[in-house]
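A short write-up of the structure that comes next.
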Amino acid sequence: MLGDEHIELRRTVEEFAREVVAPVIGDYYERCEFPYDIVRKMGAMGLFGLPIPEEYGGMGGDYFALCLALEELARVDSSVAITLEAAVSLGAMPILRFGTAEQKERWLPKMASGETLGAFGLTEPGGGSDVPGGMRTTAVLDGDEWVINGTKAFITNSGTDITGVVSVAAITGRGGERPEISTILVPSGTPGFTVSKKYSKVGWSASDTRELSFTDCRVPSENLLGERGRGYAQFLQTLDEGRVAIAALSVGLAQGCVDESARYARDRQAFGQSIGRFQAIQFKIADMEARVHTARLAYYHAAERMLACLPFKKEAAIAKLVASNAAMDNARDATQIFGGYGFMNEFPVGRFYRDAKILEIGEGTSEVQRLLIARELGVGA
């Protein structure tokens, strides 16, 4: 059961999404333009600082508050929601969890206000889910500087005008069963750090996603994030938390499909009556709502365990798997209910359909989630 503060937050973000985001996001989406004005307003509301302590300019809330905000935003648009999710879960949280006092003081206040976005450079063009085996980016300590070479792919928030820093996972040593991996903070504009043009994407068209390359890119040795050689453990923890957030975003998209479909079923006339009077439509919408309810319970449970400092890897994987499936299934059903109009980008369900598929891929594919669940059960370990 939600407490008063969480209920009020949810109501506030729902109102913001409906009144501020919904009327304009379609135009941003079609022009593949990053919504700086919306991001600025989200920053003013404190959304980027929800789980960041007050001493760093944040709201001093918890990670569940972030999840609730993501769900409400994604009911209207996923580009805006993923911008917030990546900025906080992947950009700010690694610095909060593993950063030095100086790193936190330098970056977190600007991130909490939305003035600066952070990004998380993990995935590589030839690696995909094969981490760390597929990692090729290296960082060599030369005196008091790290020299970074390599390429990262599909990195969200990495090339906006307000992007300030990227946390880059890189091989910093060899030996043993797996290479030594560390995480290094690379500020935007550092010589040797090149940001490619935006990808042309199927969905999330109003968010920023790019390839990054590093050619003899030098940063001070104190830019190491956390302990040397602990990068692999750090990004596993980051991804576990991020999967709960992506599950919340997925639930929001799935709920948005229900909202739009129920409204359309009441208003759309066919054969002399509203299509909502046909049992086939009723059953389809009922199944959609059941998926949302189940997925929401799954991410609530995972978040509860995370906040209680209990093991939650399995629960996060379940939540991400169930919720992303619900989003994809509901987007398909909503498009079917809308018929020809569902294939038109001017209708929200058209965007929902384009945005849903990546939820079964990003931050760990559905196949990876199944592997994680099985291993947590002692199967195939």
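Chain labels follow the order of the structure tokens: the first chain is A, the next B, and so on; residue numbering restarts at 1 in every chain, and ligands are counted from 1 in their shown order.
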
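The list of residues with at least one atom within 12 Å of range 264-275 of chain A, based on only C-alpha atoms and without residues fewer than 3 positions apart in the same chain, reads Cys257, Val258, Asp259, Glu260, Ser261, Phe278, Gln279, Ala280, Ile281, Gln282, Phe283, Lys284, Ile285, Ala334, Thr335, Gln336, Ile337, Phe338, Gly339, Tyr341, Gly342, Phe347, Pro348 and Val349 of chain A.
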
Take the residues just selected and output them with C-alpha atoms as a PDB file, in the first residue's frame.
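Output saved as again_5.pdb:
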```pdb
ATOM      1  CA  CYS A 257      -2.448   1.129 -23.739  1.00  0.00           C
ATOM      2  CA  VAL A 258      -5.352   0.198 -21.454  1.00  0.00           C
ATOM      3  CA  ASP A 259      -6.274   3.862 -20.914  1.00  0.00           C
ATOM      4  CA  GLU A 260      -6.345   4.633 -24.622  1.00  0.00           C
ATOM      5  CA  SER A 261      -8.105   1.400 -25.585  1.00  0.00           C
ATOM      6  CA  PHE A 278     -18.605  -6.334 -28.292  1.00  0.00           C
ATOM      7  CA  GLN A 279     -17.402  -9.139 -26.052  1.00  0.00           C
ATOM      8  CA  ALA A 280     -14.250  -9.657 -28.106  1.00  0.00           C
ATOM      9  CA  ILE A 281     -13.140  -6.097 -27.314  1.00  0.00           C
ATOM     10  CA  GLN A 282     -14.152  -6.411 -23.663  1.00  0.00           C
ATOM     11  CA  PHE A 283     -12.130  -9.585 -23.221  1.00  0.00           C
ATOM     12  CA  LYS A 284      -9.090  -8.086 -24.931  1.00  0.00           C
ATOM     13  CA  ILE A 285      -9.113  -5.005 -22.678  1.00  0.00           C
ATOM     14  CA  ALA A 334      -4.204  -1.723 -28.400  1.00  0.00           C
ATOM     15  CA  THR A 335      -3.115  -1.291 -31.999  1.00  0.00           C
ATOM     16  CA  GLN A 336      -5.551  -4.031 -33.021  1.00  0.00           C
ATOM     17  CA  ILE A 337      -8.408  -2.371 -31.131  1.00  0.00           C
ATOM     18  CA  PHE A 338      -7.708   0.942 -32.861  1.00  0.00           C
ATOM     19  CA  GLY A 339      -7.585  -0.748 -36.256  1.00  0.00           C
ATOM     20  CA  TYR A 341      -5.988   4.433 -36.609  1.00  0.00           C
ATOM     21  CA  GLY A 342      -3.616   2.395 -34.482  1.00  0.00           C
ATOM     22  CA  PHE A 347      -2.438   8.394 -32.148  1.00  0.00           C
ATOM     23  CA  PRO A 348      -0.596   7.514 -28.904  1.00  0.00           C
ATOM     24  CA  VAL A 349      -0.957   3.762 -29.414  1.00  0.00           C
TER      25      VAL A 349
END
```

Using DSSP on the backbone coordinates, identify all residues within range 111-269 of chain A classified as helix (DSSP H, G or I); present the result as a VMD selection string.
chain A and resid 111 to 113 221 to 223 231 to 267

With C-alpha atoms retained, could you export that selection as a PDB file, in the first residue's frame?
```pdb
ATOM      1  CA  MET A 111      22.228  15.965 -11.961  1.00  0.00           C
ATOM      2  CA  ALA A 112      19.614  16.313  -9.218  1.00  0.00           C
ATOM      3  CA  SER A 113      18.418  19.606 -10.698  1.00  0.00           C
ATOM      4  CA  SER A 221      43.404   8.978 -12.463  1.00  0.00           C
ATOM      5  CA  GLU A 222      41.033  10.322  -9.800  1.00  0.00           C
ATOM      6  CA  ASN A 223      38.179   9.876 -12.310  1.00  0.00           C
ATOM      7  CA  GLY A 231      33.562  -2.327 -12.418  1.00  0.00           C
ATOM      8  CA  TYR A 232      31.906  -5.649 -13.227  1.00  0.00           C
ATOM      9  CA  ALA A 233      30.264  -5.872  -9.794  1.00  0.00           C
ATOM     10  CA  GLN A 234      29.266  -2.213 -10.001  1.00  0.00           C
ATOM     11  CA  PHE A 235      27.435  -2.496 -13.286  1.00  0.00           C
ATOM     12  CA  LEU A 236      25.701  -5.706 -12.182  1.00  0.00           C
ATOM     13  CA  GLN A 237      24.274  -3.822  -9.200  1.00  0.00           C
ATOM     14  CA  THR A 238      23.405  -0.868 -11.415  1.00  0.00           C
ATOM     15  CA  LEU A 239      21.577  -3.125 -13.872  1.00  0.00           C
ATOM     16  CA  ASP A 240      19.673  -4.937 -11.117  1.00  0.00           C
ATOM     17  CA  GLU A 241      18.332  -1.611  -9.871  1.00  0.00           C
ATOM     18  CA  GLY A 242      17.752  -0.398 -13.418  1.00  0.00           C
ATOM     19  CA  ARG A 243      15.630  -3.429 -14.225  1.00  0.00           C
ATOM     20  CA  VAL A 244      13.168  -2.486 -11.513  1.00  0.00           C
ATOM     21  CA  ALA A 245      12.975   0.993 -13.039  1.00  0.00           C
ATOM     22  CA  ILE A 246      12.511  -0.382 -16.565  1.00  0.00           C
ATOM     23  CA  ALA A 247       9.775  -2.666 -15.234  1.00  0.00           C
ATOM     24  CA  ALA A 248       8.007   0.401 -13.852  1.00  0.00           C
ATOM     25  CA  LEU A 249       8.368   2.167 -17.199  1.00  0.00           C
ATOM     26  CA  SER A 250       6.991  -0.923 -18.947  1.00  0.00           C
ATOM     27  CA  VAL A 251       4.001  -0.986 -16.630  1.00  0.00           C
ATOM     28  CA  GLY A 252       3.342   2.644 -17.475  1.00  0.00           C
ATOM     29  CA  LEU A 253       3.336   1.941 -21.206  1.00  0.00           C
ATOM     30  CA  ALA A 254       1.097  -1.093 -20.703  1.00  0.00           C
ATOM     31  CA  GLN A 255      -1.300   0.986 -18.587  1.00  0.00           C
ATOM     32  CA  GLY A 256      -1.315   3.720 -21.201  1.00  0.00           C
ATOM     33  CA  CYS A 257      -2.448   1.129 -23.739  1.00  0.00           C
ATOM     34  CA  VAL A 258      -5.352   0.198 -21.454  1.00  0.00           C
ATOM     35  CA  ASP A 259      -6.274   3.862 -20.914  1.00  0.00           C
ATOM     36  CA  GLU A 260      -6.345   4.633 -24.622  1.00  0.00           C
ATOM     37  CA  SER A 261      -8.105   1.400 -25.585  1.00  0.00           C
ATOM     38  CA  ALA A 262     -10.865   1.783 -22.988  1.00  0.00           C
ATOM     39  CA  ARG A 263     -11.482   5.374 -24.093  1.00  0.00           C
ATOM     40  CA  TYR A 264     -11.522   4.411 -27.769  1.00  0.00           C
ATOM     41  CA  ALA A 265     -13.812   1.422 -27.132  1.00  0.00           C
ATOM     42  CA  ARG A 266     -16.364   3.717 -25.490  1.00  0.00           C
ATOM     43  CA  ASP A 267     -16.258   6.331 -28.253  1.00  0.00           C
TER      44      ASP A 267
END
```

As a ChimeraX atom specification, please: the residues near Val202 in chain A (cut-off 10 Å, only C-alpha atoms, same-chain neighbours under 6 positions excluded).
/A:351,353-358

Quick check for you: according to DSSP on this backbone, which residues of range 166-325 of chain A are classed as strand (DSSP E or B)? Reply as a tab-separated table (two decimals) with all heavy atoms, in the first residue's frame.
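File produced: out-v2.tsv:
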```tsv
chain	number	residue	atom	x	y	z
A	166	VAL	N	29.98	10.72	-18.76
A	166	VAL	CA	29.64	9.33	-19.06
A	166	VAL	C	30.49	8.43	-18.18
A	166	VAL	O	31.72	8.62	-18.09
A	166	VAL	CB	29.88	8.98	-20.54
A	166	VAL	CG1	29.54	7.52	-20.81
A	166	VAL	CG2	29.06	9.89	-21.46
A	167	SER	N	29.86	7.47	-17.51
A	167	SER	CA	30.59	6.45	-16.76
A	167	SER	C	30.94	5.33	-17.73
A	167	SER	O	30.04	4.66	-18.25
A	167	SER	CB	29.73	5.90	-15.61
A	167	SER	OG	29.33	6.94	-14.75
A	168	VAL	N	32.21	5.14	-17.98
A	168	VAL	CA	32.67	4.20	-19.01
A	168	VAL	C	33.26	2.95	-18.38
A	168	VAL	O	34.21	3.04	-17.58
A	168	VAL	CB	33.71	4.87	-19.93
A	168	VAL	CG1	34.21	3.89	-20.99
A	168	VAL	CG2	33.13	6.11	-20.58
A	169	ALA	N	32.71	1.80	-18.70
A	169	ALA	CA	33.28	0.53	-18.27
A	169	ALA	C	34.38	0.13	-19.23
A	169	ALA	O	34.18	0.13	-20.45
A	169	ALA	CB	32.20	-0.55	-18.21
A	170	ALA	N	35.54	-0.20	-18.69
A	170	ALA	CA	36.69	-0.52	-19.55
A	170	ALA	C	37.56	-1.58	-18.90
A	170	ALA	O	37.59	-1.73	-17.68
A	170	ALA	CB	37.51	0.73	-19.82
A	171	ILE	N	38.28	-2.32	-19.74
A	171	ILE	CA	39.24	-3.31	-19.26
A	171	ILE	C	40.49	-2.57	-18.79
A	171	ILE	O	41.11	-1.84	-19.56
A	171	ILE	CB	39.59	-4.32	-20.36
A	171	ILE	CG1	38.35	-5.12	-20.77
A	171	ILE	CG2	40.71	-5.25	-19.91
A	171	ILE	CD1	38.56	-6.00	-21.99
A	172	THR	N	40.84	-2.77	-17.52
A	172	THR	CA	42.02	-2.09	-16.96
A	172	THR	C	43.12	-3.08	-16.60
A	172	THR	O	44.14	-2.69	-16.02
A	172	THR	CB	41.62	-1.28	-15.72
A	172	THR	OG1	40.91	-2.11	-14.80
A	172	THR	CG2	40.74	-0.09	-16.11
A	173	GLY	N	42.91	-4.36	-16.91
A	173	GLY	CA	43.92	-5.36	-16.62
A	173	GLY	C	43.51	-6.71	-17.15
A	173	GLY	O	42.32	-6.94	-17.44
A	180	GLU	N	40.06	-7.74	-15.85
A	180	GLU	CA	39.77	-6.75	-14.81
A	180	GLU	C	39.02	-5.59	-15.46
A	180	GLU	O	39.48	-5.00	-16.43
A	180	GLU	CB	41.07	-6.26	-14.18
A	180	GLU	CG	40.87	-5.14	-13.17
A	180	GLU	CD	42.18	-4.50	-12.76
A	180	GLU	OE1	42.62	-3.54	-13.44
A	180	GLU	OE2	42.76	-4.98	-11.75
A	181	ILE	N	37.86	-5.27	-14.92
A	181	ILE	CA	37.04	-4.19	-15.46
A	181	ILE	C	36.85	-3.11	-14.40
A	181	ILE	O	36.56	-3.41	-13.24
A	181	ILE	CB	35.67	-4.72	-15.94
A	181	ILE	CG1	35.86	-5.67	-17.13
A	181	ILE	CG2	34.74	-3.57	-16.33
A	181	ILE	CD1	34.59	-6.33	-17.60
A	182	SER	N	37.04	-1.87	-14.80
A	182	SER	CA	36.84	-0.73	-13.91
A	182	SER	C	35.94	0.29	-14.61
A	182	SER	O	35.73	0.23	-15.82
A	182	SER	CB	38.18	-0.08	-13.55
A	182	SER	OG	39.07	-1.04	-12.99
A	183	THR	N	35.41	1.21	-13.83
A	183	THR	CA	34.54	2.26	-14.37
A	183	THR	C	35.23	3.61	-14.19
A	183	THR	O	35.73	3.93	-13.11
A	183	THR	CB	33.18	2.27	-13.65
A	183	THR	OG1	32.61	0.96	-13.70
A	183	THR	CG2	32.23	3.25	-14.32
A	184	ILE	N	35.23	4.40	-15.25
A	184	ILE	CA	35.94	5.67	-15.26
A	184	ILE	C	35.00	6.77	-15.75
A	184	ILE	O	34.29	6.59	-16.74
A	184	ILE	CB	37.18	5.60	-16.16
A	184	ILE	CG1	38.13	4.50	-15.65
A	184	ILE	CG2	37.91	6.93	-16.22
A	184	ILE	CD1	39.24	4.14	-16.59
A	185	LEU	N	35.00	7.90	-15.06
A	185	LEU	CA	34.16	9.03	-15.43
A	185	LEU	C	34.86	9.86	-16.51
A	185	LEU	O	35.99	10.31	-16.32
A	185	LEU	CB	33.89	9.91	-14.21
A	185	LEU	CG	33.11	9.26	-13.07
A	185	LEU	CD1	33.03	10.19	-11.87
A	185	LEU	CD2	31.71	8.87	-13.52
A	186	VAL	N	34.14	10.05	-17.62
A	186	VAL	CA	34.69	10.84	-18.73
A	186	VAL	C	33.76	12.02	-18.98
A	186	VAL	O	32.64	11.85	-19.47
A	186	VAL	CB	34.82	10.00	-20.01
A	186	VAL	CG1	35.42	10.83	-21.14
A	186	VAL	CG2	35.66	8.75	-19.77
A	187	PRO	N	34.19	13.24	-18.65
A	187	PRO	CA	33.35	14.42	-18.89
A	187	PRO	C	33.16	14.67	-20.39
A	187	PRO	O	34.03	14.38	-21.21
A	187	PRO	CB	34.15	15.56	-18.25
A	187	PRO	CG	35.06	14.89	-17.27
A	187	PRO	CD	35.42	13.57	-17.90
A	193	PHE	N	37.29	12.00	-26.98
A	193	PHE	CA	35.94	11.47	-26.74
A	193	PHE	C	35.02	12.02	-27.81
A	193	PHE	O	34.75	13.21	-27.86
A	193	PHE	CB	35.49	11.87	-25.34
A	193	PHE	CG	34.06	11.52	-24.99
A	193	PHE	CD1	33.36	10.53	-25.67
A	193	PHE	CD2	33.42	12.17	-23.95
A	193	PHE	CE1	32.06	10.21	-25.35
A	193	PHE	CE2	32.12	11.86	-23.60
A	193	PHE	CZ	31.43	10.88	-24.31
A	194	THR	N	34.55	11.14	-28.70
A	194	THR	CA	33.72	11.55	-29.83
A	194	THR	C	32.32	10.98	-29.70
A	194	THR	O	32.13	9.79	-29.46
A	194	THR	CB	34.33	11.07	-31.17
A	194	THR	OG1	35.65	11.59	-31.29
A	194	THR	CG2	33.48	11.53	-32.34
A	195	VAL	N	31.33	11.84	-29.86
A	195	VAL	CA	29.92	11.45	-29.81
A	195	VAL	C	29.38	11.43	-31.23
A	195	VAL	O	29.42	12.46	-31.93
A	195	VAL	CB	29.11	12.42	-28.94
A	195	VAL	CG1	27.64	12.00	-28.89
A	195	VAL	CG2	29.68	12.48	-27.52
A	209	THR	N	20.03	8.81	-28.18
A	209	THR	CA	20.78	7.55	-28.14
A	209	THR	C	21.88	7.61	-29.20
A	209	THR	O	21.61	7.87	-30.37
A	209	THR	CB	19.86	6.35	-28.44
A	209	THR	OG1	18.65	6.47	-27.71
A	209	THR	CG2	20.55	5.05	-28.07
A	210	ARG	N	23.12	7.34	-28.78
A	210	ARG	CA	24.25	7.51	-29.70
A	210	ARG	C	25.34	6.46	-29.47
A	210	ARG	O	25.36	5.78	-28.45
A	210	ARG	CB	24.86	8.90	-29.53
A	210	ARG	CG	23.88	10.05	-29.76
A	210	ARG	CD	24.52	11.37	-29.45
A	210	ARG	NE	23.54	12.45	-29.45
A	210	ARG	CZ	23.47	13.42	-30.36
A	210	ARG	NH1	24.34	13.45	-31.35
A	210	ARG	NH2	22.57	14.36	-30.26
A	211	GLU	N	26.24	6.40	-30.44
A	211	GLU	CA	27.47	5.62	-30.30
A	211	GLU	C	28.57	6.57	-29.83
A	211	GLU	O	28.63	7.72	-30.24
A	211	GLU	CB	27.86	4.98	-31.63
A	211	GLU	CG	29.09	4.10	-31.55
A	211	GLU	CD	29.39	3.38	-32.86
A	211	GLU	OE1	28.78	2.31	-33.09
A	211	GLU	OE2	30.21	3.91	-33.64
A	212	LEU	N	29.44	6.06	-28.95
A	212	LEU	CA	30.54	6.84	-28.42
A	212	LEU	C	31.85	6.17	-28.79
A	212	LEU	O	31.94	4.94	-28.77
A	212	LEU	CB	30.45	6.95	-26.89
A	212	LEU	CG	29.10	7.36	-26.30
A	212	LEU	CD1	29.17	7.37	-24.78
A	212	LEU	CD2	28.68	8.73	-26.84
A	213	SER	N	32.86	6.96	-29.09
A	213	SER	CA	34.18	6.39	-29.37
A	213	SER	C	35.24	7.15	-28.57
A	213	SER	O	35.12	8.35	-28.32
A	213	SER	CB	34.49	6.44	-30.87
A	213	SER	OG	34.52	7.77	-31.34
A	214	PHE	N	36.28	6.40	-28.20
A	214	PHE	CA	37.37	6.95	-27.40
A	214	PHE	C	38.69	6.61	-28.09
A	214	PHE	O	38.99	5.44	-28.33
A	214	PHE	CB	37.34	6.36	-25.99
A	214	PHE	CG	36.03	6.57	-25.29
A	214	PHE	CD1	35.00	5.64	-25.42
A	214	PHE	CD2	35.81	7.69	-24.51
A	214	PHE	CE1	33.78	5.83	-24.79
A	214	PHE	CE2	34.60	7.89	-23.88
A	214	PHE	CZ	33.58	6.97	-24.02
A	215	THR	N	39.43	7.63	-28.43
A	215	THR	CA	40.72	7.45	-29.09
A	215	THR	C	41.79	8.19	-28.29
A	215	THR	O	41.85	9.42	-28.29
A	215	THR	CB	40.67	8.00	-30.53
A	215	THR	OG1	39.60	7.38	-31.24
A	215	THR	CG2	41.98	7.72	-31.25
A	216	ASP	N	42.61	7.40	-27.58
A	216	ASP	CA	43.63	7.99	-26.70
A	216	ASP	C	43.03	9.12	-25.85
A	216	ASP	O	43.61	10.20	-25.70
A	216	ASP	CB	44.81	8.52	-27.51
A	216	ASP	CG	45.60	7.39	-28.17
A	216	ASP	OD1	45.59	6.27	-27.63
A	216	ASP	OD2	46.19	7.63	-29.24
A	217	CYS	N	41.87	8.83	-25.31
A	217	CYS	CA	41.15	9.80	-24.48
A	217	CYS	C	41.74	9.77	-23.07
A	217	CYS	O	41.75	8.73	-22.41
A	217	CYS	CB	39.67	9.46	-24.44
A	217	CYS	SG	38.67	10.52	-23.38
A	218	ARG	N	42.23	10.92	-22.61
A	218	ARG	CA	42.92	10.99	-21.32
A	218	ARG	C	42.07	11.70	-20.27
A	218	ARG	O	41.55	12.80	-20.53
A	218	ARG	CB	44.27	11.70	-21.47
A	218	ARG	CG	45.30	10.91	-22.25
A	218	ARG	CD	46.60	11.68	-22.43
A	218	ARG	NE	47.63	10.85	-23.02
A	218	ARG	CZ	48.53	10.14	-22.34
A	218	ARG	NH1	48.54	10.19	-21.01
A	218	ARG	NH2	49.42	9.40	-22.97
A	219	VAL	N	41.93	11.06	-19.11
A	219	VAL	CA	41.27	11.70	-17.98
A	219	VAL	C	42.12	11.46	-16.74
A	219	VAL	O	42.90	10.50	-16.68
A	219	VAL	CB	39.85	11.14	-17.76
A	219	VAL	CG1	38.95	11.44	-18.97
A	219	VAL	CG2	39.88	9.65	-17.47
A	220	PRO	N	42.02	12.30	-15.71
A	220	PRO	CA	42.82	12.12	-14.51
A	220	PRO	C	42.55	10.78	-13.82
A	220	PRO	O	41.44	10.25	-13.89
A	220	PRO	CB	42.39	13.29	-13.62
A	220	PRO	CG	41.82	14.30	-14.56
A	220	PRO	CD	41.19	13.52	-15.67
A	224	LEU	N	38.56	7.55	-11.66
A	224	LEU	CA	38.14	6.17	-11.40
A	224	LEU	C	36.93	6.19	-10.49
A	224	LEU	O	36.93	6.84	-9.45
A	224	LEU	CB	39.29	5.39	-10.75
A	224	LEU	CG	39.01	3.93	-10.38
A	224	LEU	CD1	38.89	3.08	-11.64
A	224	LEU	CD2	40.11	3.40	-9.47
A	225	LEU	N	35.88	5.48	-10.87
A	225	LEU	CA	34.64	5.42	-10.07
A	225	LEU	C	34.66	4.15	-9.24
A	225	LEU	O	34.60	3.04	-9.77
A	225	LEU	CB	33.42	5.44	-10.99
A	225	LEU	CG	32.06	5.46	-10.29
A	225	LEU	CD1	31.88	6.72	-9.45
A	225	LEU	CD2	30.93	5.34	-11.31
A	269	GLN	N	-17.74	4.02	-32.80
A	269	GLN	CA	-19.00	3.38	-33.20
A	269	GLN	C	-18.79	2.47	-34.40
A	269	GLN	O	-18.07	2.82	-35.34
A	269	GLN	CB	-20.04	4.45	-33.56
A	269	GLN	CG	-20.41	5.38	-32.42
A	269	GLN	CD	-21.22	4.67	-31.36
A	269	GLN	OE1	-22.19	3.96	-31.65
A	269	GLN	NE2	-20.82	4.85	-30.10
A	270	ALA	N	-19.39	1.29	-34.34
A	270	ALA	CA	-19.35	0.35	-35.47
A	270	ALA	C	-20.58	-0.54	-35.39
A	270	ALA	O	-20.97	-0.97	-34.29
A	270	ALA	CB	-18.08	-0.49	-35.43
A	273	GLN	N	-23.27	0.62	-32.77
A	273	GLN	CA	-23.03	0.70	-31.32
A	273	GLN	C	-21.54	0.91	-31.07
A	273	GLN	O	-20.71	0.76	-31.97
A	273	GLN	CB	-23.51	-0.57	-30.63
A	273	GLN	CG	-22.85	-1.85	-31.14
A	273	GLN	CD	-23.46	-3.09	-30.52
A	273	GLN	OE1	-23.95	-3.06	-29.40
A	273	GLN	NE2	-23.43	-4.20	-31.24
A	274	SER	N	-21.18	1.26	-29.83
A	274	SER	CA	-19.77	1.41	-29.49
A	274	SER	C	-19.11	0.04	-29.54
A	274	SER	O	-19.72	-0.98	-29.16
A	274	SER	CB	-19.61	2.02	-28.09
A	274	SER	OG	-20.06	1.13	-27.09
```

Residues within 12 Å of Ala101 in chain A, please, as a PDB file with N, CA and C atoms, in the first residue's frame. Count only C-alpha atoms; anything in the same chain fewer than 4 positions from it doesn't count.
```
ATOM      1  N   GLU A  55      21.543  16.536   0.751  1.00  0.00           N
ATOM      2  CA  GLU A  55      22.850  17.195   0.844  1.00  0.00           C
ATOM      3  C   GLU A  55      23.472  17.444  -0.530  1.00  0.00           C
ATOM      4  N   TYR A  56      23.001  16.713  -1.545  1.00  0.00           N
ATOM      5  CA  TYR A  56      23.484  16.918  -2.909  1.00  0.00           C
ATOM      6  C   TYR A  56      22.428  17.587  -3.785  1.00  0.00           C
ATOM      7  N   ILE A  95      27.319   7.111  -9.449  1.00  0.00           N
ATOM      8  CA  ILE A  95      28.147   8.089  -8.736  1.00  0.00           C
ATOM      9  C   ILE A  95      27.747   8.150  -7.273  1.00  0.00           C
ATOM     10  N   LEU A  96      26.449   8.112  -7.003  1.00  0.00           N
ATOM     11  CA  LEU A  96      25.978   8.115  -5.619  1.00  0.00           C
ATOM     12  C   LEU A  96      26.421   6.860  -4.887  1.00  0.00           C
ATOM     13  N   ARG A  97      26.353   5.714  -5.539  1.00  0.00           N
ATOM     14  CA  ARG A  97      26.683   4.446  -4.891  1.00  0.00           C
ATOM     15  C   ARG A  97      28.190   4.266  -4.698  1.00  0.00           C
ATOM     16  N   GLU A 105      30.139  15.603  -4.979  1.00  0.00           N
ATOM     17  CA  GLU A 105      29.944  17.039  -4.862  1.00  0.00           C
ATOM     18  C   GLU A 105      30.031  17.731  -6.218  1.00  0.00           C
ATOM     19  N   ARG A 106      30.843  17.180  -7.120  1.00  0.00           N
ATOM     20  CA  ARG A 106      30.991  17.802  -8.435  1.00  0.00           C
ATOM     21  C   ARG A 106      29.776  17.546  -9.323  1.00  0.00           C
ATOM     22  N   TRP A 107      29.265  16.311  -9.324  1.00  0.00           N
ATOM     23  CA  TRP A 107      28.268  15.929 -10.313  1.00  0.00           C
ATOM     24  C   TRP A 107      26.828  15.860  -9.807  1.00  0.00           C
ATOM     25  N   LEU A 108      26.600  15.393  -8.604  1.00  0.00           N
ATOM     26  CA  LEU A 108      25.234  15.103  -8.175  1.00  0.00           C
ATOM     27  C   LEU A 108      24.320  16.325  -8.074  1.00  0.00           C
ATOM     28  N   GLU A 222      42.069  10.218 -10.826  1.00  0.00           N
ATOM     29  CA  GLU A 222      41.033  10.322  -9.800  1.00  0.00           C
ATOM     30  C   GLU A 222      39.620  10.218 -10.367  1.00  0.00           C
ATOM     31  N   ASN A 223      39.486  10.099 -11.696  1.00  0.00           N
ATOM     32  CA  ASN A 223      38.179   9.876 -12.310  1.00  0.00           C
ATOM     33  C   ASN A 223      37.730   8.423 -12.222  1.00  0.00           C
ATOM     34  N   LEU A 225      35.876   5.482 -10.866  1.00  0.00           N
ATOM     35  CA  LEU A 225      34.643   5.424 -10.074  1.00  0.00           C
ATOM     36  C   LEU A 225      34.659   4.154  -9.238  1.00  0.00           C
ATOM     37  N   GLY A 226      34.747   4.295  -7.933  1.00  0.00           N
ATOM     38  CA  GLY A 226      34.844   3.134  -7.067  1.00  0.00           C
ATOM     39  C   GLY A 226      36.223   2.509  -7.119  1.00  0.00           C
TER      40      GLY A 226
END
```

Rank nothing, just name the residue among A:Pro53, A:Tyr28, A:Arg174, A:Asp4 nearest to Ala139 in chain A, using only C-alpha atoms.
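Among A:Pro53, A:Tyr28, A:Arg174, A:Asp4, it is A:Arg174 that comes nearest to Ala139 in chain A.
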
Using Å and a single decimal, report how far CA of Cys67 in chain A sits from CA of Ala303 in chain A.
8.5 Å

Neighbours of Ala319 in chain A within 6 Å (only C-alpha atoms; same-chain residues fewer than 2 positions away dropped), as a PDB file with N, CA, C and O atoms, in the first residue's frame?
```
ATOM      1  N   ALA A 247      11.057  -1.983 -15.452  1.00  0.00           N
ATOM      2  CA  ALA A 247       9.775  -2.666 -15.234  1.00  0.00           C
ATOM      3  C   ALA A 247       8.675  -1.651 -14.956  1.00  0.00           C
ATOM      4  O   ALA A 247       7.561  -1.760 -15.477  1.00  0.00           O
ATOM      5  N   ALA A 298       4.655  -7.163  -9.515  1.00  0.00           N
ATOM      6  CA  ALA A 298       6.010  -7.717  -9.615  1.00  0.00           C
ATOM      7  C   ALA A 298       7.059  -6.641  -9.354  1.00  0.00           C
ATOM      8  O   ALA A 298       8.030  -6.871  -8.617  1.00  0.00           O
ATOM      9  N   TYR A 299       6.894  -5.462  -9.933  1.00  0.00           N
ATOM     10  CA  TYR A 299       7.928  -4.438  -9.710  1.00  0.00           C
ATOM     11  C   TYR A 299       7.795  -3.825  -8.318  1.00  0.00           C
ATOM     12  O   TYR A 299       8.808  -3.437  -7.712  1.00  0.00           O
ATOM     13  N   ALA A 316      13.961  -8.679  -9.484  1.00  0.00           N
ATOM     14  CA  ALA A 316      14.135  -7.645 -10.505  1.00  0.00           C
ATOM     15  C   ALA A 316      14.027  -8.241 -11.904  1.00  0.00           C
ATOM     16  O   ALA A 316      13.417  -7.646 -12.802  1.00  0.00           O
ATOM     17  N   ALA A 317      14.625  -9.411 -12.093  1.00  0.00           N
ATOM     18  CA  ALA A 317      14.565 -10.077 -13.391  1.00  0.00           C
ATOM     19  C   ALA A 317      13.135 -10.484 -13.728  1.00  0.00           C
ATOM     20  O   ALA A 317      12.685 -10.337 -14.872  1.00  0.00           O
ATOM     21  N   LEU A 321      11.034  -8.992 -16.856  1.00  0.00           N
ATOM     22  CA  LEU A 321      10.518  -9.941 -17.844  1.00  0.00           C
ATOM     23  C   LEU A 321       9.003  -9.820 -17.997  1.00  0.00           C
ATOM     24  O   LEU A 321       8.480  -9.676 -19.116  1.00  0.00           O
ATOM     25  N   VAL A 322       8.290  -9.871 -16.879  1.00  0.00           N
ATOM     26  CA  VAL A 322       6.827  -9.845 -16.907  1.00  0.00           C
ATOM     27  C   VAL A 322       6.315  -8.503 -17.432  1.00  0.00           C
ATOM     28  O   VAL A 322       5.391  -8.450 -18.249  1.00  0.00           O
ATOM     29  N   ALA A 323       6.928  -7.410 -16.978  1.00  0.00           N
ATOM     30  CA  ALA A 323       6.441  -6.093 -17.361  1.00  0.00           C
ATOM     31  C   ALA A 323       6.726  -5.773 -18.825  1.00  0.00           C
ATOM     32  O   ALA A 323       5.888  -5.184 -19.511  1.00  0.00           O
TER      33      ALA A 323
END
```
